>>> print(open('structure-v3.pdb').read())   # PDB, C-alpha atoms
ATOM      1  CA  MET A1283      36.549  45.305  29.968
ATOM      2  CA  PRO A1284      33.208  45.918  31.701
ATOM      3  CA  SER A1285      32.820  44.656  35.243
ATOM      4  CA  ALA A1286      30.004  43.081  37.228
ATOM      5  CA  LEU A1287      29.576  42.168  40.865
ATOM      6  CA  VAL A1288      26.968  39.536  41.653
ATOM      7  CA  VAL A1289      25.526  39.692  45.168
ATOM      8  CA  GLY A1290      23.895  36.499  46.343
ATOM      9  CA  TYR A1291      23.038  34.381  49.317
ATOM     10  CA  ASP A1292      25.759  31.935  50.355
ATOM     11  CA  PRO A1293      24.624  28.401  49.394
ATOM     12  CA  GLN A1294      26.373  27.019  52.485
ATOM     13  CA  ALA A1295      23.839  28.928  54.616
ATOM     14  CA  ILE A1296      20.700  27.511  52.978
ATOM     15  CA  PRO A1297      19.295  24.710  55.136
ATOM     16  CA  GLY A1298      18.623  21.514  53.224
ATOM     17  CA  ALA A1299      20.191  22.784  50.002
ATOM     18  CA  ASP A1300      22.858  20.978  48.037
ATOM     19  CA  ALA A1301      25.414  23.703  48.710
ATOM     20  CA  ASP A1302      28.119  22.128  46.551
ATOM     21  CA  ALA A1303      25.836  21.919  43.515
ATOM     22  CA  LEU A1304      24.608  25.482  44.017
ATOM     23  CA  ARG A1305      28.149  26.772  44.390
ATOM     24  CA  ALA A1306      29.220  24.903  41.233
ATOM     25  CA  SER A1307      26.354  26.587  39.379
ATOM     26  CA  LEU A1308      27.467  30.012  40.625
ATOM     27  CA  ASP A1309      31.036  29.296  39.572
ATOM     28  CA  GLU A1310      29.803  28.265  36.103
ATOM     29  CA  GLU A1311      28.008  31.585  35.830
ATOM     30  CA  LEU A1312      31.248  33.434  36.623
ATOM     31  CA  VAL A1313      32.910  31.521  33.782
ATOM     32  CA  ARG A1314      30.049  32.560  31.469
ATOM     33  CA  PHE A1315      30.716  36.214  32.332
ATOM     34  CA  GLY A1316      34.274  35.739  31.088
ATOM     35  CA  HIS A1317      33.028  34.200  27.832
ATOM     36  CA  HIS A1318      31.016  37.395  27.293
ATOM     37  CA  GLY A1319      33.995  39.664  27.954
ATOM     38  CA  ILE A1320      32.811  40.776  31.391
ATOM     39  CA  ASP A1321      35.114  40.721  34.400
ATOM     40  CA  ALA A1322      32.940  39.419  37.238
ATOM     41  CA  ALA A1323      33.136  38.581  40.907
ATOM     42  CA  MET A1324      30.681  37.348  43.489
ATOM     43  CA  ALA A1325      29.882  38.531  47.010
ATOM     44  CA  LEU A1326      28.015  35.911  49.021
ATOM     45  CA  ILE A1327      26.238  36.952  52.183
ATOM     46  CA  VAL A1328      24.619  35.177  55.113
ATOM     47  CA  PHE A1329      21.579  36.296  57.113
ATOM     48  CA  GLY A1330      22.503  37.313  60.633
ATOM     49  CA  GLU A1331      26.198  37.743  59.914
ATOM     50  CA  SER A1332      28.182  40.810  58.954
ATOM     51  CA  VAL A1333      26.417  41.585  55.698
ATOM     52  CA  GLU A1334      27.591  45.174  55.625
ATOM     53  CA  SER A1335      31.300  44.417  55.935
ATOM     54  CA  VAL A1336      31.157  41.751  53.192
ATOM     55  CA  LEU A1337      29.268  44.029  50.811
ATOM     56  CA  VAL A1338      31.299  47.161  51.494
ATOM     57  CA  ALA A1339      34.544  45.232  50.922
ATOM     58  CA  ALA A1340      33.248  43.873  47.609
ATOM     59  CA  LEU A1341      31.686  47.142  46.453
ATOM     60  CA  THR A1342      34.828  49.172  47.143
ATOM     61  CA  GLU A1343      37.252  46.621  45.706
ATOM     62  CA  ARG A1344      37.033  48.393  42.349
ATOM     63  CA  PRO A1345      34.616  50.584  40.371
ATOM     64  CA  TRP A1346      31.903  48.174  39.180
ATOM     65  CA  ASP A1347      29.861  48.911  36.071
ATOM     66  CA  VAL A1348      26.889  46.872  37.260
ATOM     67  CA  VAL A1349      25.867  45.073  40.440
ATOM     68  CA  VAL A1350      23.479  42.135  40.007
ATOM     69  CA  ILE A1351      21.331  41.342  43.041
ATOM     70  CA  GLY A1352      20.297  37.706  43.149
ATOM     71  CA  GLY A1353      16.731  36.482  43.473
ATOM     72  CA  GLY A1354      17.516  34.575  46.665
ATOM     73  CA  ILE A1355      17.930  37.899  48.442
ATOM     74  CA  ARG A1356      14.983  39.648  46.777
ATOM     75  CA  ARG A1357      12.354  36.925  46.866
ATOM     76  CA  THR A1358      12.714  35.652  50.401
ATOM     77  CA  GLU A1359      10.475  37.702  52.673
ATOM     78  CA  GLN A1360      12.684  37.249  55.746
ATOM     79  CA  LEU A1361      15.608  38.671  53.749
ATOM     80  CA  LEU A1362      13.809  41.920  52.840
ATOM     81  CA  PRO A1363      15.982  43.916  55.285
ATOM     82  CA  ILE A1364      19.108  42.506  53.603
ATOM     83  CA  PHE A1365      17.721  43.417  50.173
ATOM     84  CA  GLU A1366      17.099  46.992  51.332
ATOM     85  CA  GLN A1367      20.529  47.163  52.943
ATOM     86  CA  THR A1368      22.123  45.843  49.743
ATOM     87  CA  VAL A1369      20.476  48.471  47.543
ATOM     88  CA  ASN A1370      21.448  51.267  49.917
ATOM     89  CA  LEU A1371      25.036  50.058  50.212
ATOM     90  CA  ILE A1372      25.322  49.944  46.416
ATOM     91  CA  ARG A1373      24.012  53.507  46.196
ATOM     92  CA  ARG A1374      26.499  54.636  48.831
ATOM     93  CA  HIS A1375      29.640  52.701  47.882
ATOM     94  CA  ALA A1376      29.246  52.126  44.135
ATOM     95  CA  PRO A1377      27.089  55.026  42.935
ATOM     96  CA  GLN A1378      28.445  54.694  39.383
ATOM     97  CA  ALA A1379      27.145  51.120  39.093
ATOM     98  CA  ALA A1380      23.869  50.199  37.497
ATOM     99  CA  ILE A1381      21.733  47.812  39.547
ATOM    100  CA  ALA A1382      20.376  44.694  37.845
ATOM    101  CA  PHE A1383      18.274  41.751  38.985
ATOM    102  CA  ASN A1384      18.523  38.163  37.820
ATOM    103  CA  THR A1385      15.716  35.626  37.882
ATOM    104  CA  SER A1386      18.040  32.746  38.804
ATOM    105  CA  GLY A1387      21.720  32.067  39.280
ATOM    106  CA  GLY A1388      21.856  31.047  35.626
ATOM    107  CA  ASP A1389      20.922  34.364  34.037
ATOM    108  CA  SER A1390      23.147  36.852  35.860
ATOM    109  CA  VAL A1391      25.104  37.490  32.663
ATOM    110  CA  GLU A1392      21.946  38.535  30.814
ATOM    111  CA  ALA A1393      20.880  40.727  33.746
ATOM    112  CA  ALA A1394      24.252  42.501  33.678
ATOM    113  CA  GLN A1395      24.237  42.840  29.878
ATOM    114  CA  ARG A1396      20.965  44.817  30.012
ATOM    115  CA  HIS A1397      22.945  47.595  31.702
ATOM    116  CA  LEU A1398      26.337  47.392  30.015
TER     117      LEU A1398
END
>>> encode(input="structure-v3.pdb", output="structure tokens")
Amino acid sequence: MPSALVVGYDPQAIPGADADALRASLDEELVRFGHHGIDAAMALIVFGESVESVLVAALTERPWDVVVIGGGIRRTEQLLPIFEQTVNLIRRHAPQAAIAFNTSGGDSVEAAQRHL
């Protein structure tokens, strides 16, 4: 079974966001991966916290086929250093994995499928 790791920004850390609704949406996306025969997990990070340790733990948990980097990390200018760090950590700790980008939390499956 192919595998995918989705890296995203923790909804609990987004000021003013409905974190419970966002988290429910992310969980629904993980279920969708299963419906498409893809074993998936999520690594959620927070700006200013130990991004590296969270990502390294997730990336080395198993050999991932694809790592999907969420738009919340890529599109937010203040998170550019985290985006760069994420790409470099993937290259270092999961060099076999393709890197994919979603446009929203609801199309991570399609992003992963482009590389599986």
>>> atom_distance(input="structure-v3.pdb", atom1="CA of Gly1330 in chain A", atom2="CA of Pro1345 in chain A")
27.1 Å
>>> closest_residue(input="structure-v3.pdb", among="A:Leu1398, A:Ile1296, A:Ile1372, A:Ile1320", to="Ala1339 in chain A", atoms="all atoms listed in the file")
A:Ile1372
>>> residues_around(input="structure-v3.pdb", residues="Thr1385 in chain A", least_positions_apart="5", cutoff="10 Å", atoms="all atoms listed in the file", output="PyMOL selection string")
chain A and resi 1351-1354+1356-1357+1390+1392-1393
>>> closest_residue(input="structure-v3.pdb", among="A:His1397, A:Val1391, A:Val1338, A:Ile1355", to="His1375 in chain A", atoms="only C-alpha atoms")
A:Val1338
>>> atom_distance(input="structure-v3.pdb", atom1="CA of Leu1312 in chain A", atom2="CA of Met1324 in chain A")
7.9 Å
>>> atom_distance(input="structure-v3.pdb", atom1="CA of Pro1377 in chain A", atom2="CA of Pro1293 in chain A")
27.5 Å
